[in-house]
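**Q** Next up is a structure, given as structure tokens.
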Amino acid sequence: MKLYAKELLDKLVSEKELKVLETVWNDELKIDEKIERLLE
Amino acid sequence: MSYLEAGYHKPGDKPFTFPPEGVESKIDANLIGIYGRNGTGKTTLLNVLALALGYLEPDREKELETKQVLRRKLQALQENETLEYDFRICRNKPTPVDLRLERGKGQKQRIYLNSKPIGPETLSKEFDVVFLTEDDPRKVITANKGKLARYFMDLGENRLKTLGEALNKHALEIDEFRNFKKDERRLLNESQVHQKTIERDKEKLDELREKMKKIESRDEIKKKLELLNNQEKIESEYKGVKGKHEQLKGKKDAEIIQKIYKERLKLSTQETELNDIRARIVQTCDSLAQYGVTVHSERLLRDDYAEFNKATAEVRRSKKDSMIKIAIVDEMIELLQRHQGDEVVPLIDKPVREALSELYKMKMTLRSDRVFGLLTALSQYLSQRQATVKDRDKIQQKINDLSRDLEDLKSVEDIEKAFVEAEKKYIALQDVLHQDKTKMLSEWDQLRSVKGDSKTVSNELQELEVQVRTEENLKSMCQHKLEVLRENASAKPKYQGKEKGLKALNDTITRLRENLYHWSEILVEKEKRESFAPKGPGFGLANYEKFVGAIGEFLGKQFEPVPYDNRFHDIKFFDIEEETFTTKEDRQIPIERLSQGQSKIATLTGSFKEMGQDKKKIVLIDEIADLDPENLEKVKNTLREKFSEGSLLLAVLVRPTQDPSSRSVEIIGWS
């Protein structure tokens with residue numbers, strides 16, 4: 001799932017923060033899977 | 001027409017459809033107006049129609065160079081495998097046209113002209129499309145800002161918030177695991193404190209219950225002794241009320257009234273009888289006076305018989321012989337009446353019948369003395385009067401008794417209550433009388449010194465019981481927490497050892513949420529430049545300026561080249577503070593300078609001129625909200641003219657409505 005307005009967010013947040021946003025935007029992942037992915 | 005938007009629709013969601021449910025999809029008109037609220041799919045319908053009519057075909061390449069955003073939208077629709085539509089455009093004159101454009105999910109488009117399949121080239125050869133798209137700058141800006149604000153709020157206040165909460169839960173688990181011993185000790189202590197309080201309160205409860213028992217015994221014995229002391233009074237009251245109660249039991253008002261009525265009738269008869277007797281007495285006394293015998297009737301009626309007795313005694317003295325004779329005659333009559341008439345009476349040698357006849361005559365002769373007769377009659381009247389007075393008094397007494405019963409019946413409820421009370425006391429007394437009085441007195445000696453009343457002690461008991469239950473609940477909660485704590489401590493927390501990572505992630509989420517909140521507030525114009533401090537912690541002026549720059553570039557990219565000063569300008573930036581566009585040549589164009597209505601009319605007129613005259617035209621105009629009535633009429637006049645001369649096949653004008661009471665979408669024909 002592509003993050004909406006990614007080109008805008010690219011300019012506003014760090015790479016790490018963008019990863020957080022992309023992960024929370026992904027509805028295919030459950031909450032614990034999101035945490036796992038972000039703690040990797 | 002319907003399709004699913006990738007990145008928007010979730011599994012199970014309903015696709016976008018047009019027209020919405022409840023709106024008729026067929027219309028018998030070639031000049032059509034579609035009115036609807038924002039978000040109802042009007043623009044998408046025009047996009048899909050344009051796509052179906054070949055707007056992405058190579059011969060449109062030049063036109064689309066200036067409409068990159070539209071091109072991207074149409075391409076996205078073209079590549080969307082969920083898109084399906086079925087359009088049919090018909091006209092009867094001057095030449096019949098029946099154009100059908102259909103596409104199923106994941107399939108290619110099929111085109112039929114007058115029921116015959118045709119290819120895109122034929123479509124392009126036969127038909128020309130004029131597509132004037134939404135490009136009102138202010139509307140584009142407002143829509144984009146609103147959409148972004150909602151998106152930022154969703155990211156921050158929904159998605160990141162949920163993630164943050166989950167992270168905190170894990171951090172808490174780790175914390176609990178680490179502090180297990182300390183927490184366990186604290187909970188055990190708490191539980192012990194509650195237990196001690198419970199035990200202490202329960203001891204108090206036992207004492208109070210014992211006290212209550214004594215108070216109740218004391219009160220009971222006191223009551224019994226009071227009954228014994230009042231024995232005579234209770235028994236007499238009981239008997240009195242019982243008598244009255246039994247007397248009235250079963251009696252009814254109506255029965256008593258009926259009886260009183262009957263007795264009154266009898267009384268009336270007796271009174272009449274007395275009056276008659278009185279009249280006879282008065283008359284007899286008056287007659288006696290004629291013979292010089294004075295007996296005053298009024299004295300007799302006052303029960304003064306002195307004159308009467310004196311007169312009677314005098315007459316009896318003078319008539320003694322006659323009286324004896326009369327007595328003998330009466331006895332003889334009585335004797336002879338026992339025999340048959342034809343039997344013979346010895347001594348006189350006459351039949352009984354004759355002898356009786358003579359005896360009657362003799363009696364009549366003996367009684368012929370008037371004074372004697374009057375006094376005898378008066379004596380009879382006086383006797384009658386005495387008997388009648390006696391009867392009358394009896395009746396009067398009965399009436400009095402019945403009247404009292406009637407009065408008593410009125411207060412029968414009170415008597416009933418008094419009887420129940422008296423009976424209760426009486427029964428209780430009988431019970432006490434059967435008990436050992438000595439033992440009772442001995443118990444009283446032991447309990448008389450017990451202080452307090454049952455109501456106060458009962459209240460104290462209730463309060464203490466509630467206190468004990470509360471303490472028991474608190475202790476139970478402590479134990480439950482202890483169990484949970486021990487259970488949690490039995491397994492190592494999932495992210496034990498990754499506390500730093502969790503904290504860093506949580507910090508990132510917190511920071512992002514703050515930023516998203518401010519971005520959203522800036523977009524909806526609740527926060528402006530002056531809201532932010534140049535220095536200091538949190539979202540400051542530098543963050544604001546960074547956002548304004550990024551959003552300006554983002555919004556700039558949403559625009560097609562805009563017509564201004566007789567030529568098109570590529571936009572690279574939109575300043576949300578100044579509401580000004582910056583072109584690629586660094587020219588500044590304030591948003592209010594761009595008048596879209598005029599532009600649409602010019603484009604429409606130009607398009608008709610450029611088109612091949614032999615082609616049938618289809619005109620699609622998106623958003624004519626900003627056209628004033630005069631300009632709108634100009635557009636409509638042009639279209640009417642083209643339709644009547646036969647060069648226009650279909651015109652669809654789309655216009656937004658802000659009226660919340662209207663239907664979501666209305667499709668109407670105009671001419």
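Identifiers in this document derive from the order of the structure tokens: chains are assigned A, B, ..., residues are numbered from 1 separately in each chain, and ligands are numbered from 1 in order of occurrence.
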Would you give me, as CSV, each residue of chain A having an atom within 9 Å of an atom of chain B, along with its shortest atom pair and that distance in Å to one decimal, using only C-alpha atoms and sorting by chain and residue number?
**A**
```
residue,atom,partner,partner_atom,distance
A:Met1,CA,B:Gly7,CA,6.1
A:Lys2,CA,B:Gly7,CA,6.8
A:Leu3,CA,B:Gly7,CA,8.1
A:Tyr4,CA,B:Gly7,CA,7.9
A:Ala5,CA,B:Leu148,CA,8.2
A:Glu7,CA,B:Phe554,CA,7.7
A:Leu8,CA,B:Phe554,CA,6.0
A:Leu9,CA,B:Ala550,CA,8.3
A:Lys11,CA,B:Ala550,CA,6.3
A:Leu12,CA,B:Phe547,CA,6.6
A:Val13,CA,B:Leu512,CA,8.3
A:Lys16,CA,B:Thr508,CA,8.5
A:Glu17,CA,B:Thr508,CA,6.7
A:Val20,CA,B:Ile509,CA,7.7
A:Leu21,CA,B:Leu155,CA,7.6
A:Val24,CA,B:Arg159,CA,6.0
A:Trp25,CA,B:Arg159,CA,7.4
A:Asp27,CA,B:Lys10,CA,8.5
A:Ile31,CA,B:Leu163,CA,6.7
A:Asp32,CA,B:Ala166,CA,8.1
A:Lys34,CA,B:Leu163,CA,8.2
A:Ile35,CA,B:Leu167,CA,7.7
A:Leu38,CA,B:Leu505,CA,7.6
A:Leu39,CA,B:Gly501,CA,6.1
A:Glu40,CA,B:Gly501,CA,8.9
```
**Q** Show me, as a compact mmCIF listing (two decimals) with N, CA and C atoms, in the first residue's frame, the residues that have an atom within 9 Å of range 450-455 of chain B when counting only C-alpha atoms, minus same-chain residues fewer than 5 positions from it.
**A**
```txt
# COMPACT_ATOMS: atom_id res chain seq x y z
N LYS B 211 -24.93 -7.62 71.75
CA LYS B 211 -25.61 -6.52 72.42
C LYS B 211 -27.07 -6.42 71.93
N MET B 212 -27.21 -6.58 70.63
CA MET B 212 -28.54 -6.50 70.00
C MET B 212 -29.46 -7.57 70.58
N LYS B 214 -29.27 -8.98 73.51
CA LYS B 214 -29.64 -8.63 74.88
C LYS B 214 -30.72 -7.54 74.89
N ILE B 215 -30.53 -6.54 74.01
CA ILE B 215 -31.52 -5.45 73.96
C ILE B 215 -32.89 -5.99 73.57
N GLU B 216 -32.88 -6.91 72.63
CA GLU B 216 -34.15 -7.48 72.18
C GLU B 216 -34.82 -8.28 73.30
N ARG B 218 -34.28 -7.88 76.55
CA ARG B 218 -34.71 -6.91 77.56
C ARG B 218 -36.07 -6.30 77.20
N ASP B 219 -36.16 -5.87 75.92
CA ASP B 219 -37.40 -5.23 75.48
C ASP B 219 -38.58 -6.20 75.54
N GLU B 460 -26.01 0.75 63.52
CA GLU B 460 -24.56 0.53 63.67
C GLU B 460 -24.16 -0.80 63.02
```
**Q** Write out as number ranges by chain all residues of range 230-443 of chain B that DSSP puts in strand (DSSP E or B) for this structure's backbone.
**A** B: 344-345, 350-351
**Q** If we count only C-alpha atoms, what is near Arg280 in chain B at a cut-off of 10 Å, once residues fewer than 6 positions away on the same chain are taken out, given as a ChimeraX atom specification?
**A** /B:274,286,297,377-378,381-382
**Q** Could you give me, as a list of chain:residue names, the residues within 10 Å of range 330-346 of chain B, counting only C-alpha atoms and dropping anything in the same chain fewer than 6 positions from it?
**A**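 Near neighbours after the sequence-gap exclusion: B:Ile324, B:Val352, B:Arg353, B:Glu354, B:Ala355, B:Leu356, B:Ser357, B:Glu358, B:Leu359, B:Tyr360, B:Lys363.
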**Q** Run DSSP on the backbone and grab whatever in range 121-305 of chain B lands in alpha helix (DSSP H); send it over as a ChimeraX atom specification.
**A** /B:121-126,137-153,161-178,180-229,231-248,253-290,297-301
**Q** Got a sec: who's within 9 Å of range 188-191 of chain B, counting only C-alpha atoms, leaving out chain neighbours fewer than 6 positions off, as a ChimeraX atom specification?
**A** /B:474-479,482
**Q** Would you mind exporting C-alpha atoms of the selected residues as a short mmCIF file (atom, residue, chain, number, x, y, z; two decimals), in the first residue's frame?
**A**
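The result, written out as again-v7.cif:
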```
data_model
loop_
_atom_site.label_atom_id
_atom_site.label_comp_id
_atom_site.auth_asym_id
_atom_site.auth_seq_id
_atom_site.Cartn_x
_atom_site.Cartn_y
_atom_site.Cartn_z
CA LEU B 474 -10.74 -4.42 48.34
CA LYS B 475 -8.88 -7.46 49.59
CA SER B 476 -10.29 -9.54 46.73
CA MET B 477 -9.16 -6.89 44.22
CA CYS B 478 -5.68 -6.94 45.75
CA GLN B 479 -5.54 -10.69 45.42
CA LEU B 482 -1.53 -10.19 42.72
#
```
